[in-house]
Amino acid sequence: MTSAPTSTYRLQLHEGFTFADARPLVPRLADLGISHLYLSPILQAAPGSAHGYDVVDHGRVSEDLGGIDGFTDLVEEAHAHGLGVIVDVVPNHMALVAPEHLNKAVWALLAEGRDAPTAHWFDIDWKAGGGRVALPVLGAPLAEVVAEGGITRDDLDGEPVVRYGDHVYPLVLGSEHTEDMGELLSRQHYRLTHWREKDEWLNYRRFFEVDGLIAVRVELEDVFEATHGLLLELHHAGMIDGFRIDHPDGLADPTGYLERLTAACRPGTPIWVEKILEGAERLPDDWACAGTTGYDALRVVQAALVDPASAETIDEDWRATGGTADLEDAVVTAKRDVVGLSLGPEVERLTRRAREARPDDDPEQLREAIVELLVAGEVYRAYVRPDERLSRTDRDRLVGAFAVARERRPDLGEVLDGLMPLVLLEDDDEARADSATDLAIRLQQTWGPVMAKGIEDTTFYRWHRLVGLNEVGSDPGVLADASPELMHEWAAHAQEHWPLTMTTLSTHDTKRSEDVRARLLAAAGDPEVWHRLSTVTAEAADAAGVDRPTAHLVWQTLLGVGKVTDERLADYLTKAMREGKEHTAWVDGDEEHEARVIAFAQDCSAGGPVRAALDESESALAADIRATTLAAKLLQLLLVGVPDTYQGCAGVDLSLVDPDNRRPVDFMSRFDDLAGVEASQEWPPSSLHLEKIHLTATALRLRRERPELFGVDATYEPVRADEHVTGFVRSGEVAALVTRAPGRLRRAGGWRDEGVSLAPGRWRDLLSGRVHETSPVTEVRGTSLEGTVPCAELFAESPVALLVREEDAR
């Protein structure tokens, strides 16, 4: 395949859904209208991996997925139906999990230590570990485990090893004759420690705070070649057409990595990066890629559909729960909690580098200054490269972080002043150049985990004002000032700089599926419904002994996900409460609190006043939910960029955060739904699910059939219309028009004299088949409107329209 992608469809592969399982879907996906399959990682992962991001062998296609033969068969099937293949790449880390011998690079490291041929692959602070790698895997201090016989001798393929549960570790040659277990372990290149001692001992860089994922140094040429060789071989053989890069911000030099990968690929190969952009942040102009994986597009589509008129009620109801009113306060508190509770090893390593460069400073003040700098970061990272001057944007971000840190801790001003030239790589002292460089780069590698764990995985599970906005890459604060302008500004920039960036509404990492969020945004557009649900649930929570902020999450969850099993609800709420870390946690949690909340939620779901209010609200909001669901999908599919559809989301999918959104999908049933709705030619279809899947197929087929209207040379023109309409025109030929704030429009009595201005001619709605004509002047109830289609006509049968100019009108 050599053609540029027009759309992708994401499939999550694992041992329960393999290449062989994906293969029968190919003809149906081609019929849906996509141009490329988009696969989760395909290399050999740890046993039982549900996602593939824990790679153990870069030299093998996963045997659990079907191996190279299974992948070849899937690719051949895809090519036979005109589809290309895009593969997810994991450059930042590998699995360091039981049984360790499956990862040969890690096994060599453990067996030979610093002298291992793969020792340089991994980001290890050898000095801090006394020349050993600390492994915080034990359930108790080492002496206790040894005394209880928890570590035993064994052999593996004729070589002596020790075992601890499922873990297996090699022995230094000759040490196996040591009789005392404690002494034997002290002679190894690794140090087994209690997991509670990781802050003191852990000395390798991790993926976020996950001990079982050890960082890989792909900035080194031989490591890059070893970890990317097979994927590039398959790429040059024509089996892989593009790549999605997982978490590039964790790398020492993301810019250099993308340059090296692009140079190793065929010219024009699309490479997308999983980059979370905050607020007005833009993707670095010098990155050699096609764009992001789409969270920035998700954010602007949501902002275009939020009704700001309800902001006052939503704010008041959240304040009434007693929850933290200010989002920024919540974020700072959460980031500080995460740095203190989860990222201790990273803080200690940064402090060691700072002490090396500033030996005369007070060690504790240096540590506290590092913490403040981590908390002060407002983006996932700045891009510090030792051989280049900082860009003005990156320098401003770093200087800004120092300013914030000084404001919060003026007592650390002198220490921060000493650190700033080091972090900016503007210090001229060659004696501390190595420490300064390591400090500067490592600080940036740690900003990302602080942002992700502090905001996405903590604040978003604490701050429940409107949880439909609590999404990866989104801004929960966009409410009173929400408008389509953010989308139009984003699209204009993307068309000029990143016309092939990916757009999405749902991924394997989203907190809620696009359709759950659409239901919540629809509810947020009706302040009366919102207030009633909030009030009824708060009263029920008081009676049940459940705190009101958590109850605010409960009713929004029940409304968003619809009818849900007790098991799914319990699993989700358990994760949500533990991630929030306010009343319970993954470690040393409060099981009684968890049980009380879950029982309350299940009771609310089953019956009583909350269930009655939910049912009544869902009925009242049906039209608004339909409008918001279809609007979000149409905007995403026709926006600037390459639209991705996450598995199952071509139709309605009401899923929560993983693992809920990775449940098995009945693909064939959904494809049969598409065939059925097209065969019936009923308009509008009998359900929202059928209408959405028809819309998805219609938009994707249009993009595939008319790629010139949406690609590099296309144009994007915002539609200027009434506040209840938003949309855009692509290349003067295709108009995507949607209803905005449908609840407020409904309460106002519906459409009146409003209209949408379009170029003169005949415009056919591909969804309904209806034709709308515009002329230089249109009379609407006695008012002359130039080139206007009345909204009452345009949206007579559906809250959205996909218009294409008829050939004879051009």
# chains A, B, ... in the order shown; residues from 1 in each chain; ligands from 1
>>> select_by_dssp(residues="segment 566-697 of chain A", states="strand (DSSP E)", output="count of residues only")
5
>>> residues_around(residues="segment 737-750 of chain A", least_positions_apart="4", cutoff="6 Å", atoms="only C-alpha atoms", output="VMD selection string")
chain A and resid 305 307 525 to 526 624 631 724 to 727 799 to 801
>>> select_by_dssp(residues="segment 532-738 of chain A", states="alpha helix (DSSP H)", output="PyMOL selection string")
chain A and resi 532-544+548-561+566-580+591-606+608-620+622-638+667-680+688-705
>>> closest_atom_pairs(of="segment 244-358 of chain A", to="segment 85-105 of chain A", cutoff="9 Å", atoms="only C-alpha atoms", output="Markdown table")
| residue | atom | partner | partner_atom | distance |
| --- | --- | --- | --- | --- |
| A:Arg244 | CA | A:Asp88 | CA | 4.6 |
| A:Ile245 | CA | A:Val89 | CA | 5.0 |
| A:Asp246 | CA | A:Val90 | CA | 5.2 |
| A:His247 | CA | A:Asn92 | CA | 6.9 |
| A:Pro248 | CA | A:Asn92 | CA | 7.0 |
| A:Asp249 | CA | A:Asn92 | CA | 8.7 |
| A:Gly250 | CA | A:Asn92 | CA | 6.1 |
| A:Leu251 | CA | A:Asn92 | CA | 6.0 |
| A:Pro270 | CA | A:Ile86 | CA | 8.9 |
>>> residues_around(residues="Phe600 of chain A", least_positions_apart="4", cutoff="8 Å", atoms="only C-alpha atoms", output="JSON, numbers by chain")
{"A": [541, 544, 546, 596, 604]}
>>> residues_around(residues="Met577 of chain A", least_positions_apart="4", cutoff="9 Å", atoms="only C-alpha atoms", output="PyMOL selection string")
chain A and resi 461-462+550+572-573+581-586+594
>>> atom_distance(atom1="atom CA of Ile625 of chain A", atom2="atom CA of Ala522 of chain A")
5.3 Å
>>> residues_around(residues="Leu398 of chain A", least_positions_apart="2", cutoff="12 Å", atoms="only C-alpha atoms", output="ChimeraX atom specification")
/A:373-374,376-384,390-396,400-405,416,419-425,440-441,443-444,447
>>> write_last_selection(atoms="N, CA, C and O atoms", output="CSV table (one decimal), in the first residue's frame")
chain,number,residue,atom,x,y,z
A,373,LEU,N,9.5,22.3,41.0
A,373,LEU,CA,9.7,22.4,39.5
A,373,LEU,C,8.8,21.3,38.8
A,373,LEU,O,8.2,21.6,37.8
A,374,LEU,N,8.7,20.2,39.4
A,374,LEU,CA,7.9,19.1,38.8
A,374,LEU,C,6.4,19.5,38.9
A,374,LEU,O,5.6,19.3,37.9
A,376,ALA,N,5.2,22.5,39.0
A,376,ALA,CA,5.0,23.8,38.3
A,376,ALA,C,4.8,23.6,36.8
A,376,ALA,O,4.4,24.5,36.1
A,377,GLY,N,5.3,22.5,36.3
A,377,GLY,CA,5.2,22.3,34.8
A,377,GLY,C,3.7,22.3,34.4
A,377,GLY,O,2.9,21.7,35.0
A,378,GLU,N,3.5,23.0,33.3
A,378,GLU,CA,2.1,23.2,32.8
A,378,GLU,C,1.8,22.4,31.5
A,378,GLU,O,0.7,22.4,31.0
A,379,VAL,N,2.9,21.8,30.9
A,379,VAL,CA,2.8,20.9,29.8
A,379,VAL,C,3.5,19.6,30.1
A,379,VAL,O,4.2,19.5,31.1
A,380,TYR,N,3.4,18.7,29.1
A,380,TYR,CA,4.0,17.4,29.4
A,380,TYR,C,5.6,17.5,29.3
A,380,TYR,O,6.2,16.7,29.9
A,381,ARG,N,6.1,18.4,28.6
A,381,ARG,CA,7.5,18.6,28.7
A,381,ARG,C,8.0,19.8,27.7
A,381,ARG,O,7.2,20.1,26.8
A,382,ALA,N,9.1,20.3,28.0
A,382,ALA,CA,9.8,21.1,27.0
A,382,ALA,C,10.9,20.2,26.4
A,382,ALA,O,11.2,19.2,26.9
A,383,TYR,N,11.5,20.7,25.3
A,383,TYR,CA,12.4,19.8,24.5
A,383,TYR,C,13.8,20.3,24.6
A,383,TYR,O,14.2,21.2,23.8
A,384,VAL,N,14.5,19.8,25.6
A,384,VAL,CA,15.9,20.2,25.8
A,384,VAL,C,16.8,19.3,25.0
A,384,VAL,O,16.8,18.0,25.2
A,390,LEU,N,17.8,26.2,23.2
A,390,LEU,CA,16.3,26.0,23.5
A,390,LEU,C,15.5,26.9,22.6
A,390,LEU,O,16.0,28.1,22.3
A,391,SER,N,14.4,26.5,22.1
A,391,SER,CA,13.5,27.4,21.3
A,391,SER,C,12.9,28.4,22.3
A,391,SER,O,12.9,28.2,23.5
A,392,ARG,N,12.5,29.5,21.8
A,392,ARG,CA,11.9,30.5,22.7
A,392,ARG,C,10.7,29.9,23.4
A,392,ARG,O,10.6,30.2,24.6
A,393,THR,N,9.9,29.1,22.8
A,393,THR,CA,8.7,28.6,23.4
A,393,THR,C,9.2,27.7,24.6
A,393,THR,O,8.6,27.8,25.7
A,394,ASP,N,10.1,26.8,24.4
A,394,ASP,CA,10.6,25.9,25.4
A,394,ASP,C,11.3,26.6,26.6
A,394,ASP,O,11.1,26.3,27.7
A,395,ARG,N,12.0,27.6,26.2
A,395,ARG,CA,12.7,28.4,27.2
A,395,ARG,C,11.7,29.1,28.1
A,395,ARG,O,11.8,29.2,29.3
A,396,ASP,N,10.7,29.7,27.4
A,396,ASP,CA,9.7,30.4,28.2
A,396,ASP,C,8.9,29.5,29.1
A,396,ASP,O,8.6,29.9,30.3
A,400,GLY,N,9.1,30.0,33.0
A,400,GLY,CA,7.8,30.1,33.7
A,400,GLY,C,7.6,29.2,34.9
A,400,GLY,O,7.1,29.5,35.9
A,401,ALA,N,8.1,28.0,34.7
A,401,ALA,CA,8.0,27.0,35.8
A,401,ALA,C,8.8,27.4,37.0
A,401,ALA,O,8.4,27.3,38.1
A,402,PHE,N,10.0,28.0,36.7
A,402,PHE,CA,10.8,28.5,37.8
A,402,PHE,C,10.1,29.7,38.5
A,402,PHE,O,10.2,29.8,39.8
A,403,ALA,N,9.5,30.5,37.7
A,403,ALA,CA,8.8,31.6,38.3
A,403,ALA,C,7.6,31.2,39.2
A,403,ALA,O,7.4,31.7,40.4
A,404,VAL,N,6.9,30.2,38.8
A,404,VAL,CA,5.8,29.6,39.6
A,404,VAL,C,6.4,29.0,40.9
A,404,VAL,O,5.8,29.1,42.0
A,405,ALA,N,7.5,28.2,40.7
A,405,ALA,CA,8.1,27.6,41.9
A,405,ALA,C,8.5,28.6,42.9
A,405,ALA,O,8.3,28.4,44.1
A,416,LEU,N,16.6,27.8,43.7
A,416,LEU,CA,16.0,27.8,42.3
A,416,LEU,C,16.9,28.6,41.4
A,416,LEU,O,17.1,28.2,40.2
A,419,LEU,N,19.7,26.5,40.2
A,419,LEU,CA,19.3,25.4,39.3
A,419,LEU,C,18.9,25.9,37.9
A,419,LEU,O,19.1,25.1,37.0
A,420,MET,N,18.4,27.1,37.8
A,420,MET,CA,17.8,27.5,36.5
A,420,MET,C,18.8,27.4,35.4
A,420,MET,O,18.5,26.9,34.3
A,421,PRO,N,20.0,28.0,35.5
A,421,PRO,CA,21.0,27.9,34.3
A,421,PRO,C,21.3,26.4,34.0
A,421,PRO,O,21.6,26.1,32.9
A,422,LEU,N,21.3,25.5,35.0
A,422,LEU,CA,21.5,24.1,34.7
A,422,LEU,C,20.4,23.5,33.9
A,422,LEU,O,20.6,22.8,32.9
A,423,VAL,N,19.2,23.8,34.3
A,423,VAL,CA,18.0,23.2,33.6
A,423,VAL,C,17.9,23.8,32.2
A,423,VAL,O,17.4,23.2,31.3
A,424,LEU,N,18.3,25.1,32.0
A,424,LEU,CA,18.2,25.7,30.7
A,424,LEU,C,19.4,25.4,29.9
A,424,LEU,O,19.5,25.9,28.7
A,425,LEU,N,20.4,24.6,30.4
A,425,LEU,CA,21.7,24.3,29.8
A,425,LEU,C,22.4,25.6,29.4
A,425,LEU,O,23.0,25.7,28.3
A,440,ALA,N,18.7,18.3,33.3
A,440,ALA,CA,17.8,19.0,32.4
A,440,ALA,C,16.9,18.1,31.6
A,440,ALA,O,15.7,18.3,31.5
A,441,ILE,N,17.5,17.1,31.1
A,441,ILE,CA,16.7,16.1,30.2
A,441,ILE,C,15.8,15.3,31.1
A,441,ILE,O,14.6,15.0,30.8
A,443,LEU,N,14.6,15.9,34.0
A,443,LEU,CA,13.5,16.7,34.6
A,443,LEU,C,12.3,16.7,33.6
A,443,LEU,O,11.2,16.6,33.9
A,444,GLN,N,12.7,16.9,32.3
A,444,GLN,CA,11.6,16.9,31.3
A,444,GLN,C,11.0,15.5,31.1
A,444,GLN,O,9.8,15.5,30.8
A,447,TRP,N,8.4,15.4,33.8
A,447,TRP,CA,7.2,16.3,33.7
A,447,TRP,C,6.0,15.5,33.2
A,447,TRP,O,4.9,15.7,33.7
